[in-house]
file input_38.txt (compact mmCIF, C-alpha atoms)
# COMPACT_ATOMS: atom_id res chain seq x y z
CA MET W 1 -36.08 80.45 -34.50
CA ALA W 2 -32.47 81.50 -34.43
CA TYR W 3 -30.98 84.64 -33.01
CA THR W 4 -28.54 86.52 -35.16
CA VAL W 5 -24.84 87.08 -34.62
CA GLU W 6 -25.60 90.78 -34.47
CA ASP W 7 -28.04 90.14 -31.60
CA LEU W 8 -25.36 88.26 -29.74
CA LEU W 9 -22.67 90.86 -30.25
CA SER W 10 -24.95 93.73 -29.28
CA VAL W 11 -25.84 91.95 -26.03
CA LEU W 12 -22.17 91.42 -25.27
CA HIS W 13 -20.91 94.82 -26.42
CA PRO W 14 -21.62 96.85 -23.25
CA HIS W 15 -19.65 94.33 -21.18
CA CYS W 16 -16.51 94.15 -23.32
CA PRO W 17 -16.66 96.65 -26.20
CA ILE W 18 -13.08 96.23 -27.42
CA LYS W 19 -13.25 92.47 -27.73
CA VAL W 20 -16.67 92.58 -29.35
CA ASP W 21 -15.43 95.13 -31.88
CA ALA W 22 -12.52 92.81 -32.66
CA LEU W 23 -14.96 89.94 -33.11
CA CYS W 24 -17.18 92.00 -35.41
CA LYS W 25 -14.17 92.71 -37.56
CA ASN W 26 -12.53 89.28 -37.60
CA ARG W 27 -15.27 86.74 -36.96
CA ARG W 28 -15.07 85.21 -40.42
CA ARG W 29 -11.32 85.53 -40.77
CA VAL W 30 -9.56 82.19 -41.23
CA GLU W 31 -6.02 82.11 -39.85
CA HIS W 32 -3.20 80.03 -41.34
CA GLY W 33 -5.68 77.81 -43.17
CA LEU W 34 -6.87 76.30 -39.89
CA THR W 35 -10.47 75.11 -39.86
CA THR W 36 -13.40 77.08 -38.56
CA VAL W 37 -14.64 76.62 -35.00
CA GLY W 38 -18.20 76.02 -33.89
CA LEU W 39 -19.02 76.08 -30.21
CA LYS W 40 -21.74 74.88 -27.92
CA ILE W 41 -21.84 75.58 -24.22
CA HIS W 42 -23.53 72.94 -22.10
CA CYS W 43 -24.48 74.22 -18.67
CA LEU W 44 -24.65 71.41 -16.12
CA GLY W 45 -27.08 72.58 -13.48
CA ASP W 46 -29.03 75.77 -12.93
CA ASN W 47 -27.52 78.99 -14.13
CA ARG W 48 -29.25 82.32 -13.62
CA GLU W 49 -26.72 84.20 -15.71
CA LEU W 50 -27.25 81.91 -18.66
CA LEU W 51 -31.01 82.29 -18.43
CA ASN W 52 -30.60 86.08 -18.35
CA PHE W 53 -28.38 85.72 -21.41
CA ILE W 54 -31.11 83.76 -23.18
CA GLU W 55 -33.71 86.36 -22.27
CA ALA W 56 -31.44 89.06 -23.67
CA LEU W 57 -31.18 87.14 -26.92
CA GLY W 58 -34.91 86.90 -27.40
CA GLY W 59 -36.10 84.66 -24.62
CA ARG W 60 -37.72 81.31 -24.68
CA SER W 61 -39.31 81.84 -28.05
CA GLU W 62 -35.83 80.77 -29.16
CA VAL W 63 -36.50 77.26 -27.87
CA ILE W 64 -36.38 74.91 -30.78
CA ALA W 65 -38.45 71.80 -31.25
CA ASN W 66 -35.85 69.77 -33.07
CA ARG W 67 -33.47 67.81 -30.96
CA PHE W 68 -29.93 69.07 -30.92
CA TYR W 69 -26.90 67.65 -29.28
CA ALA W 70 -26.90 68.46 -25.64
CA HIS W 71 -25.22 66.92 -22.70
CA ALA W 72 -27.80 64.68 -21.05
CA ARG W 73 -27.35 66.52 -17.76
CA ALA W 74 -27.33 69.97 -19.34
CA SER W 75 -30.08 72.29 -18.20
CA VAL W 76 -29.32 74.66 -21.04
CA THR W 77 -27.25 74.31 -24.17
CA VAL W 78 -26.36 77.41 -26.16
CA ILE W 79 -25.27 77.06 -29.76
CA LEU W 80 -22.94 79.89 -30.68
CA PRO W 81 -22.31 81.18 -34.18
CA PRO W 82 -19.28 79.60 -35.86
CA VAL W 83 -16.12 81.67 -36.18
CA GLY W 84 -13.10 81.56 -38.45
CA SER W 85 -10.43 80.74 -35.88
CA ALA W 86 -9.67 79.40 -32.43
CA ARG W 87 -8.60 82.90 -31.48
CA SER W 88 -12.07 84.29 -32.28
CA ALA W 89 -13.73 81.34 -30.53
CA ILE W 90 -11.77 82.05 -27.36
CA LEU W 91 -12.52 85.76 -27.66
CA LEU W 92 -16.23 85.01 -27.95
CA LEU W 93 -16.18 82.83 -24.84
CA GLU W 94 -14.20 85.48 -22.95
CA CYS W 95 -16.91 88.01 -23.83
CA ILE W 96 -19.59 85.64 -22.54
CA GLU W 97 -17.57 85.08 -19.36
CA LYS W 98 -17.51 88.84 -18.90
CA TYR W 99 -21.27 88.97 -19.39
CA PHE W 100 -21.81 86.16 -16.86
CA GLY W 101 -19.34 87.60 -14.39
CA HIS W 102 -17.81 84.19 -13.77
CA PRO W 103 -15.49 81.85 -15.67
CA ILE W 104 -16.54 79.32 -18.29
CA PHE W 105 -13.05 77.90 -18.81
CA HIS W 106 -12.01 75.36 -16.20
CA ASN W 107 -15.44 75.56 -14.62
CA PRO W 108 -17.04 72.18 -13.84
CA ARG W 109 -20.47 73.74 -14.40
CA TYR W 110 -19.76 74.00 -18.11
CA GLN W 111 -18.76 71.68 -20.90
CA ILE W 112 -17.63 73.20 -24.16
CA GLN W 113 -18.31 71.31 -27.38
CA VAL W 114 -15.94 72.21 -30.20
CA CYS W 115 -17.28 71.53 -33.70
CA SER W 116 -15.06 71.27 -36.77
CA PRO W 117 -16.11 70.84 -40.39
CA CYS W 118 -15.65 67.42 -42.08
CA ARG W 119 -16.71 64.05 -40.74
CA LEU W 120 -13.39 62.43 -39.89
CA ASP W 121 -13.38 58.72 -40.60
CA GLY W 122 -13.00 56.19 -37.79
CA PRO W 123 -9.18 56.02 -37.62
CA ARG W 124 -8.76 59.78 -37.79
CA ALA W 125 -11.52 60.35 -35.24
CA ALA W 126 -9.66 57.95 -32.94
CA ILE W 127 -6.46 59.96 -33.35
CA LEU W 128 -8.37 63.17 -32.62
CA ALA W 129 -9.93 61.79 -29.44
CA ILE W 130 -6.72 60.25 -28.12
CA ALA W 131 -4.53 63.25 -28.93
CA PHE W 132 -7.15 65.60 -27.47
CA TYR W 133 -7.12 63.61 -24.24
CA LEU W 134 -3.34 63.37 -23.90
CA GLY W 135 -2.64 66.90 -25.15
CA SER W 136 -5.07 68.77 -22.93
CA ASP W 137 -3.86 70.92 -20.06
CA VAL W 138 -6.23 68.90 -17.87
CA LEU W 139 -6.28 65.14 -17.33
CA ARG W 140 -9.75 63.78 -16.75
CA ARG W 141 -11.12 60.52 -15.47
CA TYR W 142 -14.33 60.05 -17.44
CA SER W 143 -17.32 57.94 -16.60
CA LEU W 144 -19.72 56.91 -19.35
CA ASP W 145 -22.24 59.25 -17.80
CA ASP W 146 -19.94 62.21 -18.59
CA LEU W 147 -20.26 61.33 -22.28
CA THR W 148 -24.01 60.85 -22.44
CA THR W 149 -25.83 63.22 -24.76
CA THR W 150 -29.35 63.57 -26.10
CA PHE W 151 -28.11 61.67 -29.15
CA SER W 152 -26.52 58.76 -27.32
CA GLU W 153 -29.63 56.72 -28.02
CA ASP W 154 -32.18 58.08 -30.41
CA THR W 155 -35.51 57.22 -28.86
CA LEU W 156 -37.55 59.02 -31.52
CA GLY W 157 -36.87 56.47 -34.24
CA HIS W 158 -34.68 58.69 -36.40
CA HIS W 159 -31.77 56.26 -36.13
CA LYS W 160 -29.32 58.96 -35.13
CA HIS W 161 -27.71 57.00 -32.34
CA ARG W 162 -24.26 58.34 -31.58
CA GLY W 163 -23.41 56.37 -28.46
CA ARG W 164 -21.27 57.70 -25.63
CA ARG W 165 -18.07 59.06 -27.07
CA ILE W 166 -15.68 61.98 -26.73
CA VAL W 167 -15.90 62.54 -30.49
CA LEU W 168 -19.26 62.70 -32.25
CA TYR W 169 -20.50 63.33 -35.75
CA ASP W 170 -23.05 65.98 -36.52
CA GLY W 171 -26.71 65.19 -36.11
CA GLU W 172 -27.22 66.15 -39.75
CA GLY W 173 -27.89 69.76 -38.84
CA ASP W 174 -26.66 72.70 -40.86
CA LEU W 175 -23.15 73.93 -41.42
CA ASP W 176 -22.21 77.53 -42.10
CA ARG W 177 -19.95 77.19 -45.13
CA ASP W 178 -19.11 80.82 -45.69
CA PHE W 179 -15.50 80.52 -44.58
CA GLU W 180 -12.30 80.16 -46.56
CA TRP W 181 -10.78 76.73 -47.03
CA TRP W 182 -7.16 76.19 -47.98
CA ASP W 183 -7.14 73.68 -50.77
CA LEU W 184 -4.85 72.07 -53.30
CA GLU W 185 -5.81 72.33 -56.94
CA LYS W 186 -3.51 70.24 -59.11
CA ASP W 187 -0.86 70.43 -56.38
CA ARG W 188 -1.12 74.20 -56.27
CA PHE W 189 -2.29 76.20 -53.29
CA SER W 190 -5.75 77.68 -53.73
CA ILE W 191 -8.24 79.27 -51.39
CA LEU W 192 -11.86 78.29 -51.73
CA PRO W 193 -14.38 80.89 -50.57
CA GLN W 194 -16.57 78.24 -48.96
CA LEU W 195 -16.01 75.06 -47.00
CA PRO W 196 -16.20 72.01 -49.29
CA PHE W 197 -18.62 70.21 -46.97
CA SER W 198 -22.37 70.34 -47.08
CA LYS W 199 -23.11 69.75 -43.41
CA GLU W 200 -20.58 67.25 -42.13
CA ARG W 201 -18.96 67.95 -38.80
CA THR W 202 -16.87 66.23 -36.17
CA ASP W 203 -17.40 67.46 -32.63
CA VAL W 204 -15.35 67.02 -29.49
CA LEU W 205 -17.22 67.03 -26.18
CA THR W 206 -15.97 67.84 -22.68
CA CYS W 207 -13.58 70.64 -23.56
CA GLN W 208 -12.70 72.89 -20.65
CA SER W 209 -9.94 75.23 -21.67
CA LYS W 210 -8.50 77.57 -24.26
CA THR W 211 -5.80 74.99 -24.86
CA ASP W 212 -8.46 72.40 -25.68
CA ILE W 213 -9.96 74.70 -28.30
CA GLU W 214 -6.56 75.50 -29.82
CA ASN W 215 -5.47 71.86 -29.84
CA ILE W 216 -8.68 70.61 -31.41
CA ASN W 217 -8.48 73.34 -34.02
CA LEU W 218 -4.94 72.31 -34.93
CA MET W 219 -5.61 68.57 -34.95
CA ALA W 220 -8.97 68.81 -36.73
CA THR W 221 -7.24 70.88 -39.41
CA LEU W 222 -4.44 68.36 -39.91
CA LEU W 223 -6.79 65.39 -39.92
CA SER W 224 -9.49 66.89 -42.13
CA HIS W 225 -6.92 68.13 -44.64
CA HIS W 226 -5.35 64.67 -44.65
CA GLN W 227 -8.72 63.08 -45.32
CA ALA W 228 -9.99 65.65 -47.83
CA LEU W 229 -6.58 65.95 -49.56
CA ALA W 230 -6.49 69.67 -48.86
CA TYR W 231 -3.55 72.02 -48.34
CA TRP W 232 -2.26 70.74 -44.98
CA GLN W 233 -2.52 67.07 -45.99
CA HIS W 234 1.26 66.56 -45.87
CA LEU W 235 1.36 67.63 -42.22
CA GLY W 236 -1.77 65.61 -41.48
CA ARG W 237 -0.23 62.45 -42.90
CA ARG W 238 2.86 62.83 -40.72
CA PHE W 239 0.81 63.71 -37.67
CA VAL W 240 -1.25 60.51 -38.01
CA ALA W 241 1.92 58.44 -38.39
CA ASP W 242 3.54 60.15 -35.40
CA VAL W 243 0.57 59.59 -33.10
CA GLU W 244 0.37 55.94 -34.20
CA ALA W 245 4.09 55.53 -33.51
CA LEU W 246 3.72 57.19 -30.12
CA LEU W 247 0.94 54.78 -29.14
CA LYS W 248 3.01 51.85 -30.39
CA ARG W 249 6.01 52.92 -28.30
CA HIS W 250 3.77 52.87 -25.24
CA LEU W 251 2.15 49.54 -26.23
CA LEU W 252 -1.19 51.26 -26.66
CA GLN W 253 -1.68 50.66 -30.37
CA GLY W 254 -4.52 48.23 -29.61
CA ILE W 255 -6.78 51.05 -28.51
CA LEU W 256 -6.85 52.34 -32.08
CA GLU W 257 -8.76 49.27 -33.15
CA VAL W 258 -11.98 50.16 -31.37
CA SER W 259 -14.60 52.59 -32.55
CA TRP W 260 -13.78 56.02 -31.05
CA VAL W 261 -16.65 57.59 -32.97
CA HIS W 262 -20.01 56.02 -33.65
CA PRO W 263 -20.15 55.54 -37.41
CA ALA W 264 -23.68 56.99 -37.65
CA THR W 265 -24.96 53.95 -39.45
CA GLY W 266 -28.27 54.07 -37.65
CA GLU W 267 -27.46 51.10 -35.47
CA ARG W 268 -27.43 51.28 -31.72
CA ALA W 269 -24.01 51.89 -30.28
CA ASP W 270 -21.97 49.40 -28.32
CA ASP W 271 -20.02 51.56 -25.90
CA THR W 272 -18.23 48.79 -24.02
CA GLN W 273 -15.22 48.32 -26.29
CA PHE W 274 -14.71 52.05 -26.66
CA PHE W 275 -14.94 52.63 -22.93
CA SER W 276 -12.51 49.85 -22.16
CA ALA W 277 -9.99 51.46 -24.54
CA LEU W 278 -10.62 54.85 -22.95
CA GLN W 279 -10.11 53.35 -19.49
CA GLU W 280 -6.80 51.88 -20.63
CA LEU W 281 -5.71 55.27 -21.92
CA MET W 282 -6.85 57.07 -18.77
CA ALA W 283 -5.08 54.55 -16.51
CA TYR W 284 -1.87 54.96 -18.50
CA ALA W 285 -2.08 58.75 -18.42
CA PHE W 286 -2.79 58.89 -14.68
CA GLU W 287 0.06 56.48 -14.02
CA GLU W 288 2.30 58.84 -15.93
CA TYR W 289 0.89 61.72 -13.90
CA ALA W 290 1.84 59.88 -10.70
CA ARG W 291 5.33 59.23 -12.05
CA LEU W 292 5.84 62.87 -13.00
CA GLU W 293 4.56 64.01 -9.61
CA LYS W 294 7.07 61.77 -7.89
CA VAL W 295 9.84 63.05 -10.13
CA ARG W 296 8.82 66.61 -9.28
CA ARG W 297 8.79 65.90 -5.54
CA ASN W 298 12.15 64.19 -5.64
CA GLN W 299 13.76 66.69 -7.94
CA TRP W 300 16.28 67.88 -5.34
CA TRP W 301 18.19 64.61 -5.41
CA ARG W 302 17.54 63.75 -9.02
CA GLN W 303 19.11 66.89 -10.41
CA GLY W 304 21.60 66.09 -13.14
CA THR W 305 20.25 62.62 -13.82
CA SER W 306 18.73 61.90 -17.19
CA ASP W 307 15.02 61.33 -17.27
CA ARG W 308 12.89 59.58 -19.82
CA SER W 309 10.02 61.47 -21.35
CA GLY W 310 6.59 59.93 -20.99
CA ILE W 311 3.49 59.85 -23.13
CA LEU W 312 2.18 63.20 -21.88
CA GLU W 313 5.41 65.05 -22.66
CA GLU W 314 5.69 63.35 -26.02
CA MET W 315 2.19 64.43 -27.00
CA GLN W 316 2.94 68.00 -25.93
CA ALA W 317 6.08 67.93 -28.04
CA LEU W 318 4.15 66.62 -31.04
CA LEU W 319 1.53 69.35 -30.82
CA GLN W 320 4.15 72.06 -30.40
CA HIS W 321 6.10 70.71 -33.36
CA TYR W 322 3.11 70.64 -35.71
CA ARG W 323 1.85 74.03 -34.57
CA ALA W 324 5.27 75.54 -35.20
CA GLU W 325 5.62 73.86 -38.59
CA LEU W 326 2.18 74.97 -39.74
CA LEU W 327 2.80 78.56 -38.64
CA ALA W 328 6.22 78.62 -40.30
CA GLU W 329 4.86 77.37 -43.61
CA SER W 330 1.92 79.75 -43.43
CA GLY W 331 4.43 82.58 -42.87
CA ARG W 332 6.38 81.48 -45.95
CA LEU W 333 3.17 81.49 -47.99
CA LEU W 334 2.45 84.99 -46.81
CA GLN W 335 5.90 86.14 -47.88
CA GLU W 336 5.54 84.49 -51.27
CA GLY W 337 2.11 86.07 -51.70
CA ALA W 338 3.51 89.47 -50.86
CA THR W 339 6.35 89.26 -53.38
CA MET X 1 -7.48 57.30 -6.63
CA ARG X 2 -4.21 56.35 -4.91
CA ALA X 3 -1.19 55.40 -6.93
CA HIS X 4 1.87 53.98 -5.26
CA GLN X 5 4.36 51.17 -5.23
CA PRO X 6 5.30 49.23 -2.10
CA GLY X 7 7.67 51.25 0.02
CA SER X 8 6.91 54.56 -1.62
CA THR X 9 4.75 57.43 -0.48
CA PRO X 10 1.27 57.14 -1.94
CA ILE X 11 -0.02 60.00 -4.06
CA ASP X 12 -3.66 60.98 -3.91
CA ILE X 13 -4.92 61.74 -7.41
CA PRO X 14 -8.23 63.54 -7.87
CA GLU X 15 -10.52 62.85 -10.82
CA THR X 16 -9.33 65.91 -12.73
CA VAL X 17 -5.77 67.12 -12.51
CA PRO X 18 -3.58 69.59 -14.39
CA ASN X 19 -1.50 67.87 -17.04
CA PRO X 20 2.02 68.07 -15.59
CA ALA X 21 3.58 67.92 -19.06
CA TYR X 22 1.61 70.88 -20.34
CA THR X 23 3.57 73.96 -21.27
CA PRO X 24 1.70 76.98 -22.58
CA ALA X 25 2.21 77.67 -26.26
CA PRO X 26 3.99 80.91 -27.17
CA ALA X 27 1.78 83.86 -27.96
CA PRO X 28 0.18 83.42 -31.38
CA GLU X 29 1.76 85.27 -34.24
CA ARG X 30 -0.15 87.81 -36.16
CA ALA X 31 -2.35 86.07 -38.68
CA PRO X 32 -1.25 86.46 -42.27
CA THR X 33 -3.26 88.63 -44.53
CA LYS X 34 -4.98 86.86 -47.34
CA VAL X 35 -2.68 85.67 -50.06
CA PRO X 36 -3.70 86.09 -53.70
CA GLU X 37 -6.57 83.84 -54.51
CA LYS X 38 -6.35 81.13 -57.11
CA VAL X 39 -9.83 79.76 -56.97
CA PRO X 40 -11.00 77.37 -59.63
CA GLU X 41 -14.41 78.43 -60.92
CA LYS X 42 -15.79 74.93 -61.14
CA VAL X 43 -15.10 74.30 -57.50
CA ILE X 44 -16.95 77.40 -56.43
CA SER X 45 -20.00 76.62 -58.52
CA GLY X 46 -19.92 73.02 -57.38
CA ILE X 47 -20.28 73.90 -53.76
CA ALA X 48 -22.70 76.78 -54.04
CA ASP X 49 -25.90 76.04 -52.25
CA ALA X 50 -28.46 78.73 -51.98
CA THR X 51 -30.31 77.06 -49.17
CA SER X 52 -27.43 76.60 -46.82
CA ASN X 53 -26.48 79.40 -44.56
CA GLY X 54 -27.25 78.07 -41.16
CA GLY X 55 -24.40 76.02 -40.08
CA LEU X 56 -24.13 75.75 -36.51
CA ASN X 57 -26.86 78.30 -36.69
CA PRO X 58 -26.99 80.27 -33.52
CA LYS X 59 -29.85 78.72 -31.67
CA LEU X 60 -30.72 77.98 -28.15
CA LEU X 61 -31.82 74.70 -26.76
CA ILE X 62 -33.40 74.68 -23.37
CA SER X 63 -34.03 71.24 -22.09
CA GLY X 64 -35.75 70.23 -18.90
CA SER X 65 -34.64 66.74 -18.07
CA PRO X 66 -32.90 64.29 -20.33
CA PHE X 67 -36.13 62.34 -20.35
CA ASP X 68 -38.28 65.22 -21.50
CA ARG X 69 -36.07 67.24 -23.72
CA ARG X 70 -38.71 69.61 -24.94
CA ALA X 71 -39.69 70.77 -21.51
CA PRO X 72 -38.48 74.29 -20.88
CA LEU X 73 -36.38 74.91 -17.87
CA VAL X 74 -38.33 76.56 -15.13

call {"tool": "encode", "arguments": {"input": "input_38.txt", "output": "structure tokens"}}
result
Amino acid sequence: MAYTVEDLLSVLHPHCPIKVDALCKNRRRVEHGLTTVGLKIHCLGDNRELLNFIEALGGRSEVIANRFYAHARASVTVILPPVGSARSAILLLECIEKYFGHPIFHNPRYQIQVCSPCRLDGPRAAILAIAFYLGSDVLRRYSLDDLTTTFSEDTLGHHKHRGRRIVLYDGEGDLDRDFEWWDLEKDRFSILPQLPFSKERTDVLTCQSKTDIENINLMATLLSHHQALAYWQHLGRRFVADVEALLKRHLLQGILEVSWVHPATGERADDTQFFSALQELMAYAFEEYARLEKVRRNQWWRQGTSDRSGILEEMQALLQHYRAELLAESGRLLQEGAT
Amino acid sequence: MRAHQPGSTPIDIPETVPNPAYTPAPAPERAPTKVPEKVPEKVISGIADATSNGGLNPKLLISGSPFDRRAPLV
């Protein structure tokens, strides 16, 4: 049994009426042709507030028999209704934070799973995972255990093994398609009233921040439009090339050759190659962190000297560039539409 | 984790750290209002599916342990 969006918003309304009213109004609004955002909150450990939340939404009769993605160490996983934008997704989580009375963002008790429509193919999923990692406002040192979900190994014989990855495909569940999709029809801009996917999704685990949600939303848009030949495909093509060039400059291009997403072929996953690539990336990023920390500490005598930018700064610059370009073009479209 | 080179001061690095290169994005601009639609009919009919409305349907999963995923949390 599923609770309704209205149930959710009415539970949240007394705690943050203005934000909930904004959500009611704009939940399905797609901004700048960016993809929709689905969210799951995995609670690692006991959480009285979350259980109260569940009771308020209808209680344990809401427990479902089918297996859904959950972090293997999650006591409770809440699937939230999808929304049209990262802004609405963040608003929704802020409302839930208000209800709980404690933060969800940057809280080690929670992992946020961000779900985007379209199953990105292997190379694009790799770009998503790597750029998510480098572009986050938090650098993490993962263990394989951090990436273990109820779908890592399908023990029920449904052959839905997904392995231990940062990026995962859907478990063939449903997808709410009632959102606009910016498309290209014979090279002309068109807006479809529904997503052109039946149920395919690509999810990113271990998100912790608003920046993570915004970055994934931007990158998933660029990559899915590149793959599906939709409106933002031209930016997506350049983004892929830029990330590949960035990795090449840092002699990390080899990590693109491993499987960053399990292909959902039904076969058991081999996580070793992926995890070795992830370890290489993490080691490189933390080395860069150490370098930047030393630069920061020694800034008083380094003032005026030129400094090279590292992989973390380059990824930030890439994300800022593509966000700015997408917003600028969307603004131009708006002007053209208004004239 | 400790990262250092010989002769330099070692830096203790915890497992999760703020990304030192991160700079907050500027405040988002107001979203554009919908531009005039140019929707091809065939595309709409091709993707219509009367049975699909769930999506990431809002549902709750309560799992006990990873080894007994149907057990409710007590």

call {"tool": "atom_distance", "arguments": {"input": "input_38.txt", "atom1": "CA of Tyr22 in chain X", "atom2": "CA of Glu288 in chain W"}}
result
12.8 Å

call {"tool": "interface_residues", "arguments": {"input": "input_38.txt", "of": "chain W", "to": "chain X", "cutoff": "6 Å", "atoms": "all atoms listed in the file", "output": "list in words"}}
result
Ala2, Tyr3, Glu31, Glu62, Val63, Ala72, Ser75, Val76, Thr77, Val78, Ile79, Leu80, Pro81, Asp137, Val138, Leu139, Arg140, Arg141, Asp174, Leu175, Asp176, Ser190, Ile191, Leu192, Leu312, Glu313 and Gly337 of chain W

call {"tool": "atom_distance", "arguments": {"input": "input_38.txt", "atom1": "CA of Ala328 in chain W", "atom2": "CA of Cys115 in chain W"}}
result
25.4 Å

call {"tool": "residues_around", "arguments": {"input": "input_38.txt", "residues": "Met282 in chain W", "least_positions_apart": "2", "cutoff": "10 Å", "atoms": "all atoms listed in the file", "output": "list in words"}}
result
Ile130, Tyr133, Leu134, Leu139, Arg140, Arg141, Tyr142, Ser276, Ala277, Leu278, Gln279, Glu280, Tyr284, Ala285, Phe286, Glu287 and Glu288 of chain W

call {"tool": "write_last_selection", "arguments": {"input": "input_38.txt", "atoms": "C-alpha atoms", "output": "PDB file, keeping the file's coordinate frame"}}
result
ATOM      1  CA  ILE W 130      -6.720  60.250 -28.120  1.00  0.00           C
ATOM      2  CA  TYR W 133      -7.120  63.610 -24.240  1.00  0.00           C
ATOM      3  CA  LEU W 134      -3.340  63.370 -23.900  1.00  0.00           C
ATOM      4  CA  LEU W 139      -6.280  65.140 -17.330  1.00  0.00           C
ATOM      5  CA  ARG W 140      -9.750  63.780 -16.750  1.00  0.00           C
ATOM      6  CA  ARG W 141     -11.120  60.520 -15.470  1.00  0.00           C
ATOM      7  CA  TYR W 142     -14.330  60.050 -17.440  1.00  0.00           C
ATOM      8  CA  SER W 276     -12.510  49.850 -22.160  1.00  0.00           C
ATOM      9  CA  ALA W 277      -9.990  51.460 -24.540  1.00  0.00           C
ATOM     10  CA  LEU W 278     -10.620  54.850 -22.950  1.00  0.00           C
ATOM     11  CA  GLN W 279     -10.110  53.350 -19.490  1.00  0.00           C
ATOM     12  CA  GLU W 280      -6.800  51.880 -20.630  1.00  0.00           C
ATOM     13  CA  TYR W 284      -1.870  54.960 -18.500  1.00  0.00           C
ATOM     14  CA  ALA W 285      -2.080  58.750 -18.420  1.00  0.00           C
ATOM     15  CA  PHE W 286      -2.790  58.890 -14.680  1.00  0.00           C
ATOM     16  CA  GLU W 287       0.060  56.480 -14.020  1.00  0.00           C
ATOM     17  CA  GLU W 288       2.300  58.840 -15.930  1.00  0.00           C
TER      18      GLU W 288
END

call {"tool": "residues_around", "arguments": {"input": "input_38.txt", "residues": "range 51-53 of chain W", "least_positions_apart": "4", "cutoff": "9 Å", "atoms": "only C-alpha atoms", "output": "count of residues only"}}
result
10

call {"tool": "atom_distance", "arguments": {"input": "input_38.txt", "atom1": "CA of Pro17 in chain W", "atom2": "CA of Thr35 in chain W"}}
result
26.2 Å

call {"tool": "closest_residue", "arguments": {"input": "input_38.txt", "among": "W:Glu336, W:Glu325, W:Glu293, W:Asp121", "to": "Ser259 in chain W", "atoms": "all atoms listed in the file"}}
result
W:Asp121
